[in-house]
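So this one's structure_1.cif, mmCIF, C-alpha atoms:
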```cif
data_input
#
loop_
_atom_site.label_atom_id
_atom_site.label_comp_id
_atom_site.auth_asym_id
_atom_site.auth_seq_id
_atom_site.Cartn_x
_atom_site.Cartn_y
_atom_site.Cartn_z
CA MET O 618 -25.66 -31.26 33.31
CA GLU O 619 -22.97 -33.84 32.70
CA ILE O 620 -22.89 -35.63 29.36
CA THR O 621 -23.36 -39.02 31.03
CA ASN O 622 -26.64 -37.78 32.54
CA LEU O 623 -27.72 -36.19 29.25
CA ILE O 624 -27.18 -39.32 27.12
CA PRO O 625 -30.21 -41.31 28.42
CA HIS O 626 -32.55 -38.39 27.72
CA ILE O 627 -31.33 -38.08 24.14
CA GLU O 628 -31.47 -41.87 23.61
CA ALA O 629 -35.06 -41.91 24.88
CA LEU O 630 -36.09 -39.11 22.53
CA ILE O 631 -34.48 -40.72 19.47
CA PHE O 632 -35.96 -44.11 20.36
CA ALA O 633 -39.49 -42.79 20.94
CA SER O 634 -39.65 -40.52 17.91
CA ASP O 635 -41.38 -41.70 14.75
CA LYS O 636 -39.23 -39.37 12.66
CA PRO O 637 -35.55 -38.41 12.61
CA LEU O 638 -34.72 -35.66 15.12
CA THR O 639 -32.20 -32.92 14.35
CA THR O 640 -29.61 -31.85 16.89
CA LEU O 641 -31.46 -28.57 17.35
CA GLU O 642 -34.77 -30.39 17.97
CA LEU O 643 -33.07 -32.66 20.50
CA THR O 644 -31.65 -29.62 22.30
CA GLU O 645 -35.05 -27.93 22.47
CA LEU O 646 -36.83 -31.10 23.61
CA VAL O 647 -34.32 -31.79 26.37
CA ASN O 648 -34.47 -28.18 27.55
CA ASN O 649 -38.29 -28.31 27.62
CA ALA O 650 -38.26 -31.61 29.51
CA LEU O 651 -35.70 -30.39 32.02
CA GLY O 652 -37.15 -26.89 32.36
CA PHE O 653 -36.63 -26.92 36.12
CA MET O 654 -32.85 -26.63 35.64
CA ASP O 655 -31.21 -23.23 35.86
CA ASP O 656 -28.67 -23.93 33.11
CA LYS O 657 -29.98 -24.73 29.66
CA ILE O 658 -28.41 -27.57 27.68
CA SER O 659 -26.29 -26.22 24.82
CA LEU O 660 -26.07 -27.48 21.27
CA ASP O 661 -22.43 -28.41 21.93
CA GLN O 662 -23.45 -30.58 24.88
CA VAL O 663 -26.03 -32.41 22.76
CA GLU O 664 -23.47 -32.93 19.98
CA ALA O 665 -20.99 -34.35 22.51
CA ALA O 666 -23.69 -36.66 23.87
CA LEU O 667 -24.56 -37.79 20.33
CA GLU O 668 -20.90 -38.65 19.73
CA GLY O 669 -20.97 -40.79 22.87
CA ILE O 670 -24.21 -42.46 21.80
CA THR O 671 -22.97 -43.28 18.29
CA GLU O 672 -19.75 -44.67 19.75
CA LYS O 673 -21.70 -46.75 22.28
CA TYR O 674 -23.93 -48.34 19.63
CA SER O 675 -21.12 -48.86 17.12
CA ALA O 676 -20.13 -52.02 19.03
CA ASP O 677 -20.99 -55.24 17.20
CA PHE O 678 -22.90 -56.32 20.30
CA TYR O 679 -25.96 -54.22 19.30
CA PRO O 680 -28.24 -55.20 16.38
CA PHE O 681 -28.94 -51.49 15.76
CA GLU O 682 -27.05 -48.23 15.57
CA VAL O 683 -27.75 -44.53 15.98
CA ARG O 684 -27.08 -42.64 12.77
CA GLN O 685 -27.88 -39.40 11.10
CA SER O 686 -30.35 -40.26 8.35
CA GLY O 687 -33.34 -38.56 6.81
CA GLY O 688 -32.31 -35.15 8.11
CA GLY O 689 -31.88 -36.17 11.73
CA TRP O 690 -30.84 -38.81 14.25
CA GLN O 691 -32.55 -42.17 14.51
CA PHE O 692 -32.06 -45.77 15.57
CA LEU O 693 -31.52 -48.00 12.54
CA THR O 694 -31.31 -51.77 12.39
CA ARG O 695 -28.00 -53.09 11.08
CA LYS O 696 -28.08 -54.62 7.59
CA GLU O 697 -27.43 -58.15 8.78
CA PHE O 698 -30.73 -58.12 10.74
CA HIS O 699 -32.92 -56.80 7.91
CA LYS O 700 -34.55 -60.14 7.07
CA THR O 701 -35.25 -60.84 10.72
CA VAL O 702 -36.96 -57.49 11.29
CA ALA O 703 -38.74 -57.57 7.91
CA GLN O 704 -40.90 -60.41 9.24
CA LEU O 705 -42.70 -57.90 11.46
CA ASN O 706 -43.99 -55.96 8.47
CA GLY O 707 -45.20 -58.98 6.57
CA GLU O 708 -44.96 -59.78 2.90
CA LYS O 709 -46.37 -56.49 1.60
CA PHE O 710 -43.20 -54.56 2.46
CA LEU O 711 -40.89 -57.19 1.00
CA LYS O 712 -42.57 -57.03 -2.41
CA ARG O 713 -41.37 -54.53 -4.95
CA LEU O 714 -43.60 -51.97 -6.62
CA SER O 715 -45.24 -52.96 -9.88
CA ALA O 716 -44.31 -51.18 -13.08
CA ALA O 717 -47.67 -49.34 -12.96
CA ALA O 718 -47.06 -48.16 -9.39
CA LEU O 719 -43.53 -47.02 -10.25
CA GLU O 720 -44.84 -45.16 -13.30
CA THR O 721 -47.53 -43.51 -11.18
CA LEU O 722 -45.02 -42.56 -8.49
CA ALA O 723 -42.73 -41.03 -11.13
CA ILE O 724 -45.59 -38.91 -12.48
CA ILE O 725 -46.48 -37.74 -8.97
CA ALA O 726 -42.85 -36.87 -8.23
CA TYR O 727 -42.39 -34.98 -11.48
CA LYS O 728 -45.68 -33.09 -11.74
CA GLN O 729 -46.80 -32.58 -8.15
CA PRO O 730 -49.32 -31.43 -7.21
CA VAL O 731 -51.25 -33.66 -9.58
CA THR O 732 -54.76 -35.10 -9.62
CA LYS O 733 -55.63 -38.71 -10.25
CA GLY O 734 -57.35 -37.59 -13.46
CA GLU O 735 -54.11 -36.03 -14.70
CA ILE O 736 -52.18 -39.21 -13.87
CA GLU O 737 -54.72 -41.29 -15.80
CA SER O 738 -54.53 -38.87 -18.73
CA ILE O 739 -50.73 -39.19 -18.86
CA ARG O 740 -50.71 -42.97 -18.43
CA GLY O 741 -53.76 -43.58 -20.63
CA VAL O 742 -55.23 -46.14 -18.22
CA SER O 743 -56.98 -46.20 -14.84
CA SER O 744 -54.60 -45.61 -11.93
CA ASP O 745 -56.90 -46.64 -9.07
CA TYR O 746 -54.92 -49.71 -8.07
CA ALA O 747 -51.49 -48.05 -8.39
CA VAL O 748 -52.59 -45.01 -6.37
CA GLN O 749 -54.11 -47.29 -3.70
CA LYS O 750 -50.81 -49.24 -3.37
CA LEU O 751 -48.83 -46.00 -3.02
CA LEU O 752 -51.24 -44.84 -0.32
CA GLU O 753 -50.93 -48.16 1.55
CA LYS O 754 -47.15 -47.93 1.55
CA ASN O 755 -47.12 -44.20 2.42
CA LEU O 756 -44.81 -43.55 -0.50
CA SER O 757 -46.33 -40.27 -1.53
CA SER O 758 -47.80 -37.50 0.54
CA SER O 759 -49.15 -36.12 -2.75
CA ALA O 760 -51.08 -39.35 -3.30
CA ALA O 761 -52.89 -38.78 0.00
CA GLU O 762 -54.04 -35.37 -1.22
CA MET O 763 -55.42 -36.74 -4.50
CA LYS O 764 -58.72 -37.73 -2.96
CA LYS O 765 -59.34 -34.09 -2.00
CA LEU O 766 -58.51 -32.52 -5.36
CA PRO O 767 -61.10 -31.80 -8.05
CA GLY O 768 -61.01 -34.23 -10.95
CA SER O 769 -60.25 -37.23 -8.75
CA ARG O 770 -62.62 -39.96 -7.68
#
```
Once more with this new file: its structure as structure tokens, please.
Amino acid sequence: MEITNLIPHIEALIFASDKPLTTLELTELVNNALGFMDDKISLDQVEAALEGITEKYSADFYPFEVRQSGGGWQFLTRKEFHKTVAQLNGEKFLKRLSAAALETLAIIAYKQPVTKGEIESIRGVSSDYAVQKLLEKNLSSSAAEMKKLPGSR
């Protein structure tokens, strides 16, 4: 398959994915989608297509770009459009974390896996609100597990 025919498939995958996709994942997904073809798409072909895609979206015309971030490829909004796009997420994502939430997040990061009881023991105060805010913002996968662990409410 020619690179120009491969590019739209890769763009569609990156655009539709809710997580960054690695070059290897893109190769496997395209090969699965185009399973009827005799020749499989190679990693080199996907890398060449990704170069074309990044070059295409590097033009100032687009308000977004395709970059490698978070361990894979994804569409990212350019910095100058951050405030415009931030309106979609509302005020809660524009606000910073409170000192209590930051302290709680630091404990989770340092001691994971950790129960809510252990966090409260370290902090010396109730951590219900801080844990709830971290869960709302999906800032800790460990926080999501706290409700299942013994010693947590």
Residues of range 659-755 of chain O that approach range 628-637 of chain O to 7 Å or less, counting all atoms listed in the file: could you list each one with the shortest pair of atoms and its distance in Å to one decimal, rows by chain and increasing residue number, as a tab-separated table?
```
residue	atom	partner	partner_atom	distance
O:Ser686	CA	O:Pro637	CA	7.0
O:Gly687	CA	O:Pro637	CA	6.2
O:Gly688	CA	O:Pro637	CA	6.4
O:Gly689	CA	O:Pro637	CA	4.4
O:Trp690	CA	O:Pro637	CA	5.0
O:Gln691	CA	O:Pro637	CA	5.2
O:Phe692	CA	O:Phe632	CA	6.4
```
Point-to-point distance in Å for CA of Glu753 in chain O and CA of Thr732 in chain O: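 Going from CA of Thr732 in chain O over to CA of Glu753 in chain O covers 17.6 Å.
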Residue with smallest distance to Ala717 in chain O - pool O:Leu646, O:Leu693, O:Val742, O:Val702, counting only C-alpha atoms: O:Val742
One-decimal distance in Å that lies between CA of Gln685 in chain O and CA of Thr639 in chain O: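 Computing it gives 8.4 Å between the two atoms.
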All residues 12 Å or closer to range 649-651 of chain O, only C-alpha atoms, same chain fewer than 5 positions away omitted, as a PyMOL selection string: chain O and resi 618+622-623+626-627+629-630+642-644+656-658
Output of the above residues as a PDB file, keeping the file's coordinate frame, restricted to C-alpha atoms:
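selection26.pdb written:
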```pdb
ATOM      1  CA  MET O 618     -25.660 -31.260  33.310  1.00  0.00           C
ATOM      2  CA  ASN O 622     -26.640 -37.780  32.540  1.00  0.00           C
ATOM      3  CA  LEU O 623     -27.720 -36.190  29.250  1.00  0.00           C
ATOM      4  CA  HIS O 626     -32.550 -38.390  27.720  1.00  0.00           C
ATOM      5  CA  ILE O 627     -31.330 -38.080  24.140  1.00  0.00           C
ATOM      6  CA  ALA O 629     -35.060 -41.910  24.880  1.00  0.00           C
ATOM      7  CA  LEU O 630     -36.090 -39.110  22.530  1.00  0.00           C
ATOM      8  CA  GLU O 642     -34.770 -30.390  17.970  1.00  0.00           C
ATOM      9  CA  LEU O 643     -33.070 -32.660  20.500  1.00  0.00           C
ATOM     10  CA  THR O 644     -31.650 -29.620  22.300  1.00  0.00           C
ATOM     11  CA  ASP O 656     -28.670 -23.930  33.110  1.00  0.00           C
ATOM     12  CA  LYS O 657     -29.980 -24.730  29.660  1.00  0.00           C
ATOM     13  CA  ILE O 658     -28.410 -27.570  27.680  1.00  0.00           C
TER      14      ILE O 658
END
```
Test item: the PyMOL selection byres ((chain O and resi 674) around 12) resolved as a list in words: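 That selection, the PyMOL selection byres ((chain O and resi 674) around 12), comes back as Glu628, Leu667, Glu668, Gly669, Ile670, Thr671, Glu672, Lys673, Ser675, Ala676, Asp677, Phe678, Tyr679, Pro680, Phe681, Glu682, Val683, Arg684, Gln691, Phe692, Leu693, Thr694 and Arg695 of chain O.
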